[in-house]
Amino acid sequence: MTLETESEIQAARTAADQMAVCLARELHEGERVFHGVNSPLPMVAIFLAKKLHAPGSVLIEVAGSVDPRPDRLPFSTNDPALCQGAAAIFSNADAYDLFARGGIDLMYLGGAQIDKAGRVNMSYIGEPSAPKVRLPGGGGGSVVMEQARRIVIWRVVHDRRTFVEKVDFVTQSGNLTRVVTPLAVMEMREGGLELKSVHPGISVEEVTGRTGFPFDLRGEIPETAPPAKDELVALAEIDPDGVRYSEFAALRRAPR
Amino acid sequence: MTLETESEIQAARTAADQMAVCLARELHEGERVFHGVNSPLPMVAIFLAKKLHAPGSVLIEVAGSVDPRPDRLPFSTNDPALCQGAAAIFSNADAYDLFARGGIDLMYLGGAQIDKAGRVNMSYIGEPSAPKVRLPGGGGGSVVMEQARRIVIWRVVHDRRTFVEKVDFVTQSGNLTRVVTPLAVMEMREGGLELKSVHPGISVEEVTGRTGFPFDLRGEIPETAPPAKDELVALAEIDPDGVRYSEFAALRRAPR
Amino acid sequence: MSKLISLPEAAGLVRDGQMIALGGNSLSRTPSAFARELVRQGRRGLTLIKTAGAYEIDLLCAAGAVAEVRSGYIGYENLYGMAPSYRRGVESGEIRVVEHACYSVIAGLRASAYGLPSQPVSGFDGSDTPALSGFLQVEDPYTGKSVYMIPKIRPDWAVIHVQHADAAGNARIDGGPFEDVLISRASEGVILTAERIAPTKFFEDKPERTNIPGFMVDAVVHLPGGAAPASCYPLYDTDEGAVAAFLEASTSTDASPESLRDHLRDWEERDHRTAEARDYRQTEKTE
Amino acid sequence: MSKLISLPEAAGLVRDGQMIALGGNSLSRTPSAFARELVRQGRRGLTLIKTAGAYEIDLLCAAGAVAEVRSGYIGYENLYGMAPSYRRGVESGEIRVVEHACYSVIAGLRASAYGLPSQPVSGFDGSDTPALSGFLQVEDPYTGKSVYMIPKIRPDWAVIHVQHADAAGNARIDGGPFEDVLISRASEGVILTAERIAPTKFFEDKPERTNIPGFMVDAVVHLPGGAAPASCYPLYDTDEGAVAAFLEASTSTDASPESLRDHLRDWEERDHRTAEARDYRQTEKTE
């Protein structure tokens, strides 16, 4: 592992906090929200929203538990700890059925490649018949993206390999409303993904330089509201172990 | 209620015992067997077979329990008592799925009308659009008859209204092997239902006279093997309350 | 936020002309008190969904509350015979029937639960039912085999009587679940009547045993004995005398409307009593 | 009649070229020891079915045991990254992939469980997956809407690690059931590995809690710790060190065959020990 500089570490922490807060703000009171495997930031964001402005929202998480209240947030989002305090446990099929009949308001989704049209690749880099990289696959996402009412994508890497002109393979598309990265928040509009806001300390030029498709920059691009004090306090309370940092290479907790 | 004569009562008891034994003989060791609602005689027959020659057969009954061991056989075949001693309980859907994938060897089925071709009506007497009688419907039977490996029909009434030339409505058909009545056992052959055996004390003429379709009588029609001593002893043990008699009008237990 | 309301309030959620899936099976864990309350409130034009039904369907038919029934079997089994009011309603043309097998009712409910316009069902070859009910076939694109598709059945309400519920709507069923988990998923809304209101901790201790999660449920009525005269395992058996009395009254055609009023009056106190006064044995075991 | 056999005997039921559905999900309640035993026995040409898999799929891929994978997701989540042996096998063309969503795997399994040639699945518009995998559409006969049909997935074996089983094959799962009930219904045969062999009375006391009835099950292996290094709720957590060590060894391409042998040898004693010697905490609670 490369040794990270103190400033790189601090920047990553700031970005993780900003992303957790941005993701939490997307969840509204009373909504039903789902996160999949491999989703530490969305998991933290959901518990943050539930603590702040959406206490009545209902989390259905990928291990099947409905509205768990774990003692501590686990690093794996498929951890049995996420059954703690749940009053019900679903089979996976039961959860996907809920999506299929329109019962999920919001899902947080990942993606290895995302293009201007909001299409997501989680399957192959290169030709599927002879792939350069076999990615893990879309998991639940590749069907549910058009079933959840709203899809919010998060990526901790913001570069031209991730945000591409055209994805190599469309694992799924549909219902995308926001993309949250360490640099900015994008919004799905008629013409495709556009810059909604740029995080404090990040320039629009940096974002455009690290994005593989163009934005409409004719209007002013506002600054993302930084984490408010109550958001930071709540974050520290619900995630004292720093699960939200675990997706960042600079901050990655090495496996024991 | 009409008062039954002593001899009528005795004849009905004999017929019920004979039918229970004939039905039990149809279940083979190790098979999976299902009975539906409204099936006292098959229920008794299954427990009789399990006690005698098919201890390893598996009963899936309509209330969902798998291989129950009730303290006493209930009069309703949909009674919660049929959950006692079961190591598993199915939803109805789970049981029907088992049929659908070919997992049931034997099902006992009723039927208001049965014709020579082995087609069964449990739905309508007369035209379905303006029925003379709305029957209860086929229940599970109307799909599973072609899914179980073997279907055995039992009827406690043997008359020309039940065994008809052609049913008014085909609720279902398929996989029929035997029909057991108070008079005889019929067998499904190439040309349709034929007489396999006639119960002791019943003449072939009585059976043909009370059946609405013709039998091939060129060969000799054997007598049904009467209940053996061990069968009668086992019957008395597993059904001391006489659940097997409850389908016979002459013996019907009046509701309290 | 408690979802506990009274039986009259809960029955008031159902509007004339709506489609209701009824929980339980035959004379087991039937939402009987809820059906009686729908009759007291004069509900009309209902479409009833049930794989195999008896008393509560027959009662609603007796009251003229029913426009359509989609079911595999309606009857009381051999102890009591056919359902006279259902039968009369169908034979007179007052009640429309969509002829089903239990398994095709399940398929239609699955279509709804799975977000599909229709669900294939195996079987049904060699039956007049699909033609009568207008069930259509498609050709399986892989094998070329013809398969019947059952159109989606999406009830406005699932009404389910359970042994255990909490104020948030979490529900646990003891004994056979019948189709109750499926109808809770297939329906627009869910109304529970419950023998016992348990603390939420009861569900949190064994979340695997929760059949219906609270977020799917709209209303909970604390209603001990709410399945009677049907049975509720393991709390009480079918009240055979009450079933027989109801049937006797509704079989005599001339006395029917009056006897129905008597029947409803006989049960009214039990249906509307507060949960403290309990006729039916109530165990407080927590597994 | 007891169905209890040893792990080598149980793995011996699986033949080269068969299709296996694996229980659990990701690094939870994975039939890990069973997968290791398949590798020890040199099994080849397997088709693996799992909605979301990690270690046991990757291990079987590392051993060259796998011809085809049908899955929604194969990877270790962010703590460890992608599944290197699976990835290598697919990229080299050695392993065939039928690209799926988790929900389309479920649909294919449902087709098998429901006795259907194929099962419709909602969603999948606007995805390249159906075209790549050859999933075909039919027109719903009622609405005219196009629906993707997923062909039946009928595994030869479902292999499921459970907390509780008896000698007759009754099984109870604590925590999330994932797809395990479905794969038990969809598969030709069922093999259980179990943390604990309970008396049948344990199941009779709460028959509603039995996820898999014994008559569906062919073999039961008493195998405490059989999910490790994956977790088995609530008995043990994921052994992160062991997962990381396995990954590190299988990522260094040159050392791969040898390191795999080492890995199997490291676990052999635990996988083959008699049930008395237990590394993993074993509670004997009966609810």
# chains A, B, ... in the order shown; residues from 1 in each chain; ligands from 1
call {"tool": "interface_residues", "arguments": {"of": "chain D", "to": "chain C", "cutoff": "12 Å", "atoms": "only C-alpha atoms", "output": "PyMOL selection string"}}
result
chain D and resi 103-104+106-107+110-123+134-152+172-178+204-211+286-287
call {"tool": "select_by_dssp", "arguments": {"residues": "stretch 133-214 of chain C", "states": "helix (DSSP H, G or I)", "output": "MDAnalysis selection string"}}
result
chainID C and resid 133 180:186 200:205 207:209 214
call {"tool": "interface_residues", "arguments": {"of": "chain B", "to": "chain D", "cutoff": "7 Å", "atoms": "only C-alpha atoms", "output": "PyMOL selection string"}}
result
chain B and resi 85-89+97+100-101
call {"tool": "write_last_selection", "arguments": {"atoms": "N, CA, C and O atoms", "output": "mmCIF file, in the first residue's frame"}}
result
data_model
loop_
_atom_site.group_PDB
_atom_site.id
_atom_site.type_symbol
_atom_site.label_atom_id
_atom_site.label_comp_id
_atom_site.auth_asym_id
_atom_site.auth_seq_id
_atom_site.Cartn_x
_atom_site.Cartn_y
_atom_site.Cartn_z
ATOM 1 N N GLY B 85 -47.857 -32.349 15.494
ATOM 2 C CA GLY B 85 -46.794 -33.303 15.228
ATOM 3 C C GLY B 85 -46.130 -33.130 13.882
ATOM 4 O O GLY B 85 -45.222 -33.875 13.533
ATOM 5 N N ALA B 86 -46.569 -32.149 13.107
ATOM 6 C CA ALA B 86 -45.920 -31.898 11.825
ATOM 7 C C ALA B 86 -44.593 -31.189 12.079
ATOM 8 O O ALA B 86 -44.504 -30.313 12.924
ATOM 9 N N ALA B 87 -43.574 -31.576 11.351
ATOM 10 C CA ALA B 87 -42.268 -30.940 11.502
ATOM 11 C C ALA B 87 -42.126 -29.739 10.579
ATOM 12 O O ALA B 87 -41.156 -28.994 10.652
ATOM 13 N N ALA B 88 -43.089 -29.539 9.696
ATOM 14 C CA ALA B 88 -43.041 -28.391 8.790
ATOM 15 C C ALA B 88 -44.455 -28.021 8.392
ATOM 16 O O ALA B 88 -45.353 -28.869 8.390
ATOM 17 N N ILE B 89 -44.661 -26.751 8.097
ATOM 18 C CA ILE B 89 -45.952 -26.283 7.589
ATOM 19 C C ILE B 89 -45.699 -25.520 6.296
ATOM 20 O O ILE B 89 -44.823 -24.661 6.235
ATOM 21 N N ASP B 97 -47.229 -25.634 -5.713
ATOM 22 C CA ASP B 97 -45.990 -25.625 -6.496
ATOM 23 C C ASP B 97 -45.391 -27.035 -6.570
ATOM 24 O O ASP B 97 -44.859 -27.436 -7.604
ATOM 25 N N ALA B 100 -47.069 -28.790 -9.111
ATOM 26 C CA ALA B 100 -46.781 -28.245 -10.439
ATOM 27 C C ALA B 100 -45.459 -28.760 -10.985
ATOM 28 O O ALA B 100 -45.281 -28.905 -12.187
ATOM 29 N N ARG B 101 -44.513 -29.049 -10.090
ATOM 30 C CA ARG B 101 -43.237 -29.555 -10.587
ATOM 31 C C ARG B 101 -43.151 -31.074 -10.490
ATOM 32 O O ARG B 101 -42.066 -31.651 -10.552
#
call {"tool": "select_by_dssp", "arguments": {"residues": "stretch 21-243 of chain B", "states": "strand (DSSP E)", "output": "MDAnalysis selection string"}}
result
chainID B and resid 32:35 58:61 65:66 88:89 106:109 113:115 120:121 124:127 130:134 150:154 163:164 176:180 184:189 192:198
call {"tool": "atom_distance", "arguments": {"atom1": "atom CA of B:Met107", "atom2": "atom CA of B:Val179"}}
result
11.9 Å
call {"tool": "residues_around", "arguments": {"residues": "A:Asp168", "least_positions_apart": "4", "cutoff": "12 Å", "atoms": "only C-alpha atoms", "output": "PyMOL selection string"}}
result
(chain A and resi 112-115+119-129+131-135+161-164+172) or (chain D and resi 127-128)
call {"tool": "atom_distance", "arguments": {"atom1": "atom CA of C:Asp218", "atom2": "atom CA of C:Ser28"}}
result
23.1 Å
call {"tool": "residues_around", "arguments": {"residues": "A:Leu176", "least_positions_apart": "6", "cutoff": "7 Å", "atoms": "only C-alpha atoms", "output": "list in words"}}
result
Gly118, Arg150, Ile151, Val152 and Met188 of chain A
call {"tool": "write_last_selection", "arguments": {"atoms": "N, CA, C and O atoms", "output": "short mmCIF file (atom, residue, chain, number, x, y, z; two decimals), in the first residue's frame"}}
result
data_model
loop_
_atom_site.label_atom_id
_atom_site.label_comp_id
_atom_site.auth_asym_id
_atom_site.auth_seq_id
_atom_site.Cartn_x
_atom_site.Cartn_y
_atom_site.Cartn_z
N GLY A 118 -27.00 8.72 -18.37
CA GLY A 118 -27.37 8.10 -17.11
C GLY A 118 -27.41 6.59 -17.19
O GLY A 118 -28.01 5.93 -16.33
N ARG A 150 -36.92 6.49 -7.60
CA ARG A 150 -35.75 7.34 -7.83
C ARG A 150 -34.48 6.55 -7.58
O ARG A 150 -34.40 5.77 -6.62
N ILE A 151 -33.50 6.78 -8.42
CA ILE A 151 -32.19 6.16 -8.26
C ILE A 151 -31.17 7.27 -8.01
O ILE A 151 -31.12 8.26 -8.75
N VAL A 152 -30.39 7.10 -6.98
CA VAL A 152 -29.26 8.00 -6.72
C VAL A 152 -27.98 7.16 -6.83
O VAL A 152 -27.84 6.14 -6.15
N MET A 188 -30.00 14.55 -13.15
CA MET A 188 -30.49 14.09 -14.44
C MET A 188 -31.51 15.08 -14.97
O MET A 188 -32.50 15.36 -14.30
#
call {"tool": "atom_distance", "arguments": {"atom1": "atom CA of B:Pro214", "atom2": "atom CA of B:Trp154"}}
result
18.9 Å
call {"tool": "residues_around", "arguments": {"residues": "B:Val204", "least_positions_apart": "5", "cutoff": "12 Å", "atoms": "only C-alpha atoms", "output": "list in words"}}
result
Leu183, Ala184, Val185, Met186, Glu194, Leu195, Lys196, Ser197, Val198, His199, Gly209, Arg210, Thr211, Pro214, Phe215, Asp216, Leu217, Gly219, Glu220, Ile221, Pro222, Glu223 and Thr224 of chain B
call {"tool": "write_last_selection", "arguments": {"atoms": "N, CA and C atoms", "output": "PDB file, in the first residue's frame"}}
result
ATOM      1  N   LEU B 183     -69.899 -49.129  -3.917  1.00  0.00           N
ATOM      2  CA  LEU B 183     -70.277 -50.365  -4.605  1.00  0.00           C
ATOM      3  C   LEU B 183     -69.096 -51.088  -5.244  1.00  0.00           C
ATOM      4  N   ALA B 184     -68.115 -50.321  -5.707  1.00  0.00           N
ATOM      5  CA  ALA B 184     -67.126 -50.944  -6.589  1.00  0.00           C
ATOM      6  C   ALA B 184     -65.866 -50.105  -6.674  1.00  0.00           C
ATOM      7  N   VAL B 185     -64.869 -50.704  -7.342  1.00  0.00           N
ATOM      8  CA  VAL B 185     -63.671 -49.966  -7.730  1.00  0.00           C
ATOM      9  C   VAL B 185     -63.626 -49.944  -9.246  1.00  0.00           C
ATOM     10  N   MET B 186     -63.504 -48.735  -9.813  1.00  0.00           N
ATOM     11  CA  MET B 186     -63.327 -48.613 -11.261  1.00  0.00           C
ATOM     12  C   MET B 186     -61.862 -48.316 -11.542  1.00  0.00           C
ATOM     13  N   GLU B 194     -63.549 -48.548 -16.390  1.00  0.00           N
ATOM     14  CA  GLU B 194     -64.121 -49.897 -16.416  1.00  0.00           C
ATOM     15  C   GLU B 194     -64.178 -50.415 -14.979  1.00  0.00           C
ATOM     16  N   LEU B 195     -64.998 -51.445 -14.808  1.00  0.00           N
ATOM     17  CA  LEU B 195     -65.130 -52.059 -13.480  1.00  0.00           C
ATOM     18  C   LEU B 195     -63.884 -52.886 -13.180  1.00  0.00           C
ATOM     19  N   LYS B 196     -63.233 -52.592 -12.083  1.00  0.00           N
ATOM     20  CA  LYS B 196     -62.076 -53.387 -11.673  1.00  0.00           C
ATOM     21  C   LYS B 196     -62.517 -54.488 -10.715  1.00  0.00           C
ATOM     22  N   SER B 197     -63.367 -54.114  -9.779  1.00  0.00           N
ATOM     23  CA  SER B 197     -63.895 -55.115  -8.839  1.00  0.00           C
ATOM     24  C   SER B 197     -65.168 -54.565  -8.216  1.00  0.00           C
ATOM     25  N   VAL B 198     -65.972 -55.476  -7.743  1.00  0.00           N
ATOM     26  CA  VAL B 198     -67.245 -55.121  -7.105  1.00  0.00           C
ATOM     27  C   VAL B 198     -67.159 -55.578  -5.655  1.00  0.00           C
ATOM     28  N   HIS B 199     -67.625 -54.704  -4.755  1.00  0.00           N
ATOM     29  CA  HIS B 199     -67.451 -55.001  -3.333  1.00  0.00           C
ATOM     30  C   HIS B 199     -68.282 -56.216  -2.916  1.00  0.00           C
ATOM     31  N   GLY B 209     -76.495 -50.801 -13.088  1.00  0.00           N
ATOM     32  CA  GLY B 209     -77.775 -50.106 -13.018  1.00  0.00           C
ATOM     33  C   GLY B 209     -77.669 -48.719 -12.413  1.00  0.00           C
ATOM     34  N   ARG B 210     -76.662 -48.525 -11.576  1.00  0.00           N
ATOM     35  CA  ARG B 210     -76.531 -47.229 -10.915  1.00  0.00           C
ATOM     36  C   ARG B 210     -75.404 -46.382 -11.523  1.00  0.00           C
ATOM     37  N   THR B 211     -74.920 -46.791 -12.693  1.00  0.00           N
ATOM     38  CA  THR B 211     -73.861 -46.049 -13.373  1.00  0.00           C
ATOM     39  C   THR B 211     -74.389 -45.543 -14.715  1.00  0.00           C
ATOM     40  N   PRO B 214     -71.717 -47.172 -19.803  1.00  0.00           N
ATOM     41  CA  PRO B 214     -71.585 -48.634 -19.873  1.00  0.00           C
ATOM     42  C   PRO B 214     -70.183 -49.119 -19.523  1.00  0.00           C
ATOM     43  N   PHE B 215     -70.104 -50.333 -18.997  1.00  0.00           N
ATOM     44  CA  PHE B 215     -68.825 -51.002 -18.757  1.00  0.00           C
ATOM     45  C   PHE B 215     -68.647 -52.140 -19.746  1.00  0.00           C
ATOM     46  N   ASP B 216     -67.404 -52.499 -20.009  1.00  0.00           N
ATOM     47  CA  ASP B 216     -67.084 -53.696 -20.778  1.00  0.00           C
ATOM     48  C   ASP B 216     -67.180 -54.887 -19.824  1.00  0.00           C
ATOM     49  N   LEU B 217     -68.212 -55.729 -19.996  1.00  0.00           N
ATOM     50  CA  LEU B 217     -68.449 -56.815 -19.035  1.00  0.00           C
ATOM     51  C   LEU B 217     -68.094 -58.169 -19.624  1.00  0.00           C
ATOM     52  N   GLY B 219     -65.187 -59.804 -19.696  1.00  0.00           N
ATOM     53  CA  GLY B 219     -64.391 -60.627 -18.782  1.00  0.00           C
ATOM     54  C   GLY B 219     -65.123 -60.812 -17.453  1.00  0.00           C
ATOM     55  N   GLU B 220     -64.516 -61.554 -16.557  1.00  0.00           N
ATOM     56  CA  GLU B 220     -65.133 -61.724 -15.249  1.00  0.00           C
ATOM     57  C   GLU B 220     -64.765 -60.534 -14.373  1.00  0.00           C
ATOM     58  N   ILE B 221     -65.715 -60.045 -13.611  1.00  0.00           N
ATOM     59  CA  ILE B 221     -65.444 -58.938 -12.698  1.00  0.00           C
ATOM     60  C   ILE B 221     -65.190 -59.534 -11.314  1.00  0.00           C
ATOM     61  N   PRO B 222     -63.983 -59.406 -10.789  1.00  0.00           N
ATOM     62  CA  PRO B 222     -63.713 -60.027  -9.485  1.00  0.00           C
ATOM     63  C   PRO B 222     -64.373 -59.278  -8.337  1.00  0.00           C
ATOM     64  N   GLU B 223     -64.388 -59.925  -7.187  1.00  0.00           N
ATOM     65  CA  GLU B 223     -64.894 -59.266  -5.985  1.00  0.00           C
ATOM     66  C   GLU B 223     -63.746 -58.496  -5.332  1.00  0.00           C
ATOM     67  N   THR B 224     -64.049 -57.319  -4.853  1.00  0.00           N
ATOM     68  CA  THR B 224     -63.049 -56.544  -4.119  1.00  0.00           C
ATOM     69  C   THR B 224     -62.630 -57.326  -2.875  1.00  0.00           C
TER      70      THR B 224
END
